[in-house]
>>> print(open('my_file.cif').read())   # mmCIF, C-alpha atoms
data_coords
#
loop_
_atom_site.label_atom_id
_atom_site.label_comp_id
_atom_site.auth_asym_id
_atom_site.auth_seq_id
_atom_site.Cartn_x
_atom_site.Cartn_y
_atom_site.Cartn_z
CA MET A 1 -11.32 0.99 -39.37
CA THR A 2 -9.04 3.80 -38.22
CA THR A 3 -8.04 3.95 -34.58
CA SER A 4 -6.32 6.76 -32.67
CA GLY A 5 -3.04 4.87 -32.34
CA VAL A 6 -2.56 6.03 -28.76
CA ALA A 7 -3.57 4.65 -25.34
CA VAL A 8 -2.71 7.42 -22.90
CA TRP A 9 -6.05 8.63 -21.51
CA ASN A 10 -5.65 9.48 -17.85
CA PRO A 11 -8.29 11.94 -16.59
CA ASP A 12 -7.42 14.63 -14.08
CA LEU A 13 -9.40 15.19 -10.90
CA ASN A 14 -11.80 17.63 -12.59
CA GLU A 15 -12.86 15.02 -15.16
CA ILE A 16 -13.16 12.30 -12.52
CA ALA A 17 -15.28 14.56 -10.33
CA GLU A 18 -17.54 15.58 -13.21
CA GLU A 19 -18.19 11.94 -14.14
CA ALA A 20 -18.96 11.03 -10.51
CA TRP A 21 -21.39 13.93 -10.13
CA GLU A 22 -23.11 13.13 -13.42
CA ARG A 23 -23.72 9.58 -12.21
CA ASN A 24 -25.68 11.21 -9.41
CA SER A 25 -27.73 13.20 -11.97
CA SER A 26 -26.06 16.39 -10.77
CA GLU A 27 -23.31 18.82 -11.80
CA LEU A 28 -20.07 20.00 -10.25
CA ARG A 29 -20.53 23.77 -10.03
CA THR A 30 -18.81 25.40 -7.06
CA GLY A 31 -15.43 25.40 -5.38
CA TYR A 32 -16.98 23.73 -2.37
CA ASP A 33 -18.32 20.95 -4.62
CA LEU A 34 -14.76 20.22 -5.73
CA ARG A 35 -13.44 20.41 -2.17
CA THR A 36 -15.99 17.94 -0.81
CA THR A 37 -15.33 15.68 -3.81
CA ARG A 38 -11.61 15.74 -3.08
CA ARG A 39 -12.29 14.87 0.57
CA SER A 40 -14.51 11.93 -0.40
CA LEU A 41 -11.88 10.69 -2.83
CA SER A 42 -9.20 10.86 -0.11
CA ILE A 43 -11.40 8.74 2.17
CA LEU A 44 -12.01 6.25 -0.65
CA LEU A 45 -8.29 5.87 -1.37
CA ALA A 46 -7.50 5.48 2.34
CA GLY A 47 -9.99 2.63 2.45
CA TRP A 48 -8.20 0.85 -0.38
CA ALA A 49 -5.17 0.40 1.90
CA ASN A 50 -7.32 -2.07 3.87
CA LEU A 51 -8.14 -4.23 0.84
CA GLY A 52 -4.82 -6.06 0.72
CA ILE A 53 -1.90 -5.76 -1.66
CA ASN A 54 -2.23 -2.97 -4.23
CA LEU A 55 0.62 -4.02 -6.53
CA TRP A 56 1.26 -0.55 -7.92
CA THR A 57 2.10 0.70 -4.41
CA LEU A 58 4.86 -1.86 -3.90
CA ASP A 59 8.41 -0.52 -3.59
CA SER A 60 11.62 -1.30 -1.75
CA GLY A 61 14.14 0.38 0.50
CA THR A 62 17.18 -0.18 2.69
CA ILE A 63 18.19 0.91 6.17
CA ASN A 64 21.83 0.87 7.23
CA LEU A 65 21.96 -0.66 10.69
CA VAL A 66 24.13 0.84 13.41
CA GLN A 67 25.88 -1.10 16.13
CA GLY A 68 23.94 -0.88 19.41
CA THR A 69 20.78 0.60 17.82
CA ASN A 70 17.71 -1.62 17.48
CA THR A 71 14.92 0.84 16.52
CA TYR A 72 14.65 2.53 13.11
CA ASN A 73 12.01 4.66 11.39
CA LEU A 74 10.28 3.61 8.19
CA PRO A 75 8.98 6.19 5.68
CA ASP A 76 5.84 7.90 7.00
CA ASP A 77 3.74 6.69 4.05
CA THR A 78 4.43 3.00 4.79
CA VAL A 79 1.29 0.86 5.09
CA ASP A 80 3.05 -2.40 5.91
CA LEU A 81 6.09 -4.52 5.09
CA LEU A 82 5.70 -7.56 2.84
CA GLU A 83 9.20 -9.02 2.83
CA HIS A 84 12.51 -8.26 4.51
CA VAL A 85 16.06 -9.61 4.74
CA ILE A 86 19.35 -8.76 6.41
CA ARG A 87 22.02 -8.01 3.79
CA THR A 88 25.73 -8.37 4.45
CA GLY A 89 28.62 -7.41 2.18
CA ALA A 90 26.36 -5.03 0.24
CA GLY A 91 27.54 -3.90 -3.19
CA ASN A 92 30.17 -6.58 -3.70
CA VAL A 93 29.25 -9.33 -6.16
CA SER A 94 31.40 -11.88 -4.33
CA THR A 95 30.33 -11.05 -0.76
CA GLN A 96 26.73 -9.76 -0.85
CA VAL A 97 24.37 -12.17 0.89
CA ASP A 98 20.71 -11.79 1.88
CA LEU A 99 19.81 -13.61 5.10
CA THR A 100 16.38 -14.39 6.48
CA ILE A 101 14.95 -12.22 9.24
CA THR A 102 11.68 -13.39 10.78
CA ARG A 103 8.81 -11.04 11.59
CA ILE A 104 7.53 -11.43 15.15
CA SER A 105 4.65 -9.99 17.15
CA VAL A 106 4.87 -7.48 19.97
CA SER A 107 4.08 -10.32 22.38
CA THR A 108 7.07 -12.33 21.18
CA TYR A 109 9.36 -9.31 21.29
CA SER A 110 8.23 -8.39 24.80
CA SER A 111 9.14 -11.87 26.03
CA ILE A 112 12.80 -11.60 24.92
CA PRO A 113 14.84 -11.45 28.17
CA ASN A 114 17.79 -9.38 26.92
CA LYS A 115 16.74 -6.96 24.21
CA LEU A 116 20.20 -5.31 24.16
CA GLN A 117 22.05 -8.50 23.24
CA GLN A 118 24.25 -7.84 20.21
CA ALA A 119 24.66 -10.21 17.25
CA ARG A 120 23.41 -10.55 13.67
CA PRO A 121 19.70 -9.61 13.69
CA ILE A 122 17.35 -12.54 13.07
CA GLN A 123 13.94 -11.13 14.14
CA VAL A 124 12.02 -7.93 13.50
CA TRP A 125 8.91 -6.43 15.06
CA VAL A 126 7.08 -4.00 12.77
CA ASN A 127 5.57 -1.30 14.99
CA ARG A 128 2.85 0.25 12.80
CA GLN A 129 2.40 3.35 14.91
CA ALA A 130 1.35 6.75 13.55
CA PRO A 131 2.58 9.00 12.13
CA THR A 132 5.94 7.23 11.70
CA PRO A 133 6.02 3.40 11.68
CA GLN A 134 9.14 1.74 13.02
CA ILE A 135 11.03 -1.53 13.00
CA VAL A 136 12.56 -2.99 16.14
CA ILE A 137 15.13 -5.69 15.48
CA TRP A 138 16.69 -8.38 17.63
CA PRO A 139 19.42 -9.11 18.40
CA THR A 140 20.72 -5.54 18.37
CA PRO A 141 23.32 -5.24 15.59
CA ASP A 142 26.90 -5.93 16.60
CA GLY A 143 30.02 -4.45 15.06
CA SER A 144 31.32 -7.56 13.34
CA GLN A 145 30.20 -6.31 9.90
CA GLN A 146 27.92 -3.81 8.18
CA TYR A 147 24.30 -4.91 8.10
CA GLN A 148 21.52 -3.57 5.92
CA PHE A 149 17.82 -4.10 6.54
CA VAL A 150 16.32 -4.53 3.06
CA TYR A 151 12.55 -4.41 2.79
CA TRP A 152 9.69 -4.49 0.30
CA ARG A 153 6.72 -2.44 1.45
CA LEU A 154 3.27 -1.19 0.58
CA ARG A 155 3.11 2.60 0.50
CA ARG A 156 0.09 4.83 0.80
CA ILE A 157 -1.72 5.90 -2.36
CA GLN A 158 -0.88 9.55 -2.98
CA ASP A 159 -3.42 12.25 -2.12
CA PRO A 160 -5.71 13.61 -4.88
CA GLY A 161 -3.87 16.95 -4.73
CA ALA A 162 -5.03 20.55 -4.40
CA GLY A 163 -7.10 21.97 -7.22
CA GLY A 164 -8.39 19.69 -9.94
CA THR A 165 -5.55 19.34 -12.43
CA TYR A 166 -3.68 16.37 -10.97
CA THR A 167 -4.02 12.84 -12.32
CA GLN A 168 -4.47 10.17 -9.69
CA ASP A 169 -1.97 7.68 -8.31
CA VAL A 170 -3.76 4.62 -9.70
CA PRO A 171 -3.20 2.51 -12.85
CA PHE A 172 -5.75 2.93 -15.64
CA ARG A 173 -7.26 -0.44 -14.70
CA PHE A 174 -8.49 1.07 -11.44
CA LEU A 175 -10.16 4.14 -12.97
CA PRO A 176 -13.57 2.37 -13.17
CA PRO A 177 -13.74 1.57 -9.41
CA LEU A 178 -12.19 4.95 -8.59
CA ILE A 179 -14.97 6.78 -10.41
CA SER A 180 -17.81 4.48 -9.40
CA GLY A 181 -16.60 4.49 -5.79
CA LEU A 182 -16.45 8.28 -5.75
CA ALA A 183 -19.97 8.45 -7.22
CA TYR A 184 -21.19 6.12 -4.47
CA TYR A 185 -19.52 8.18 -1.73
CA LEU A 186 -20.96 11.40 -3.17
CA SER A 187 -24.47 9.89 -3.24
CA MET A 188 -24.41 10.04 0.55
CA LYS A 189 -23.94 13.82 0.41
CA ILE A 190 -25.60 15.18 -2.72
CA PRO A 191 -29.19 16.25 -2.01
CA GLY A 192 -31.67 13.99 -3.76
CA ALA A 193 -29.06 11.40 -4.75
CA MET A 194 -29.57 8.95 -1.91
CA GLU A 195 -32.11 6.93 -3.88
CA ARG A 196 -29.34 6.13 -6.38
CA MET A 197 -27.04 4.82 -3.64
CA PRO A 198 -27.86 1.07 -3.96
CA ALA A 199 -27.23 1.06 -7.72
CA LEU A 200 -24.03 3.08 -7.36
CA LYS A 201 -22.74 0.79 -4.62
CA ALA A 202 -23.48 -2.31 -6.70
CA GLN A 203 -21.57 -0.84 -9.63
CA TYR A 204 -18.64 0.09 -7.36
CA ASP A 205 -18.50 -3.38 -5.81
CA GLN A 206 -18.46 -4.97 -9.27
CA ASP A 207 -15.79 -2.63 -10.66
CA LEU A 208 -13.59 -3.05 -7.59
CA ALA A 209 -13.90 -6.84 -7.58
CA LEU A 210 -12.85 -7.03 -11.23
CA ALA A 211 -9.87 -4.73 -10.72
CA MET A 212 -8.70 -6.47 -7.53
CA ASP A 213 -8.96 -9.88 -9.16
CA GLU A 214 -6.75 -8.72 -12.02
CA ASP A 215 -4.26 -6.90 -9.76
CA ARG A 216 -2.58 -9.99 -8.33
CA ASP A 217 0.69 -11.83 -8.56
CA LYS A 218 0.52 -14.24 -11.50
CA SER A 219 3.75 -16.12 -10.80
CA ALA A 220 3.65 -19.92 -10.60
CA VAL A 221 2.86 -21.47 -7.21
CA ARG A 222 3.96 -24.96 -6.22
CA PHE A 223 2.55 -26.71 -3.16
CA VAL A 224 4.56 -29.55 -1.64
CA PRO A 225 2.91 -31.74 1.00
CA ARG A 226 4.70 -32.02 4.29
CA GLN A 227 5.65 -35.60 5.09
CA GLN A 228 5.50 -36.69 8.69
CA PHE A 229 6.56 -40.05 10.04
CA ILE A 230 5.32 -41.68 13.20
CA SER A 231 7.83 -43.99 14.83
#
>>> encode(input="my_file.cif", output="structure tokens")
Amino acid sequence: MTTSGVAVWNPDLNEIAEEAWERNSSELRTGYDLRTTRRSLSILLAGWANLGINLWTLDSGTINLVQGTNTYNLPDDTVDLLEHVIRTGAGNVSTQVDLTITRISVSTYSSIPNKLQQARPIQVWVNRQAPTPQIVIWPTPDGSQQYQFVYWRLRRIQDPGAGGTYTQDVPFRFLPPLISGLAYYLSMKIPGAMERMPALKAQYDQDLALAMDEDRDKSAVRFVPRQQFIS
């Protein structure tokens, strides 16, 4: 048996749209058809941000903290922060240290009596406002040393893009739910396709469940029981 020897297939938006329309027993014919397809795909991808951790959207960043300033902007495409530390002595192998900073709620932050108190930050409130999310840290950084806020975040999945020539910001493993989900969304709009909606939704749910189950952290987990003593 002779195989191709390559594994690089990554369809552009035109191919994805054509497949989704064909699953609705229809054809992509006009510019408006492509525009409404692109809009449905954008809505689908926005919904995936609510499913949990999409590992391919995980990246990291740093913010240099300034003495007396406790509020800093995150990138606009930030969905949420997963982990964060305060780094001191950055860039020096003998002095760099990452220190824990605890995430708190707005209720906890609002109850802090002196929000301008300066010291090494130990708490952070993630203010997920739109369009620019922010972090608010406490205590406010002092001038004893240079602090960095180091974070690992989930970013938004990139937009489908204008026209139909862009590939999508998903790994190949998520192409099945991407296409079946788009077909399901289009079935709500294509005349005569509504009767196919239950079957398309069932296929989408199955494809998405399989992809989400595979897209998870596979590192070892160790659970240690907490011992409590009653005197």
>>> resolve_selection(input="my_file.cif", expression="the PyMOL selection byres ((chain A and resi 38-55) around 10)", output="NGL selection string")
:A and (13-14 or 16-17 or 32-37 or 56-59 or 79-80 or 82 or 153-164 or 169-171 or 178-179 or 181-186 or 189 or 208 or 212 or 215-217)
>>> residues_around(input="my_file.cif", residues="Gly89 (chain A)", least_positions_apart="5", cutoff="10 Å", atoms="only C-alpha atoms", output="PyMOL selection string")
chain A and resi 94-98+145-148
>>> atom_distance(input="my_file.cif", atom1="CA of Tyr109 (chain A)", atom2="CA of Val136 (chain A)")
8.8 Å
>>> resolve_selection(input="my_file.cif", expression="the PyMOL selection byres ((chain A and resi 113-120) around 9)", output="ChimeraX atom specification")
/A:67-70,86,109-112,121-122,137-145,147
>>> closest_residue(input="my_file.cif", among="A:Ala193, A:Ala130, A:Val150, A:Val106", to="Asn64 (chain A)", atoms="only C-alpha atoms")
A:Val150
>>> atom_distance(input="my_file.cif", atom1="CA of Gln168 (chain A)", atom2="CA of Glu83 (chain A)")
26.7 Å
>>> axis_aligned_box(input="my_file.cif", around="region 85-89 of chain A", padding_each_side="6 Å", output="JSON")
{"center_x": 22.3, "center_y": -8.5, "center_z": 4.3, "size_x": 24.6, "size_y": 14.2, "size_z": 16.2}
>>> atom_distance(input="my_file.cif", atom1="CA of Asn24 (chain A)", atom2="CA of Met197 (chain A)")
8.7 Å
>>> closest_residue(input="my_file.cif", among="A:Trp125, A:Tyr151, A:Trp21, A:Ala90", to="Thr78 (chain A)", atoms="all atoms listed in the file")
A:Tyr151
>>> closest_residue(input="my_file.cif", among="A:Thr30, A:His84, A:Arg128, A:Asn73", to="Ser60 (chain A)", atoms="all atoms listed in the file")
A:His84
>>> closest_residue(input="my_file.cif", among="A:Ala20, A:Leu175, A:Val126, A:Ile190", to="Thr71 (chain A)", atoms="only C-alpha atoms")
A:Val126
>>> closest_residue(input="my_file.cif", among="A:Pro225, A:Gln203, A:Lys218, A:Thr3", to="Arg23 (chain A)", atoms="only C-alpha atoms")
A:Gln203
>>> residues_around(input="my_file.cif", residues="Asp76 (chain A)", least_positions_apart="6", cutoff="7 Å", atoms="only C-alpha atoms", output="list in words")
Pro131, Thr132 and Pro133 of chain A
>>> closest_residue(input="my_file.cif", among="A:Arg103, A:Pro11, A:Val124, A:Gln129", to="Pro176 (chain A)", atoms="only C-alpha atoms")
A:Pro11
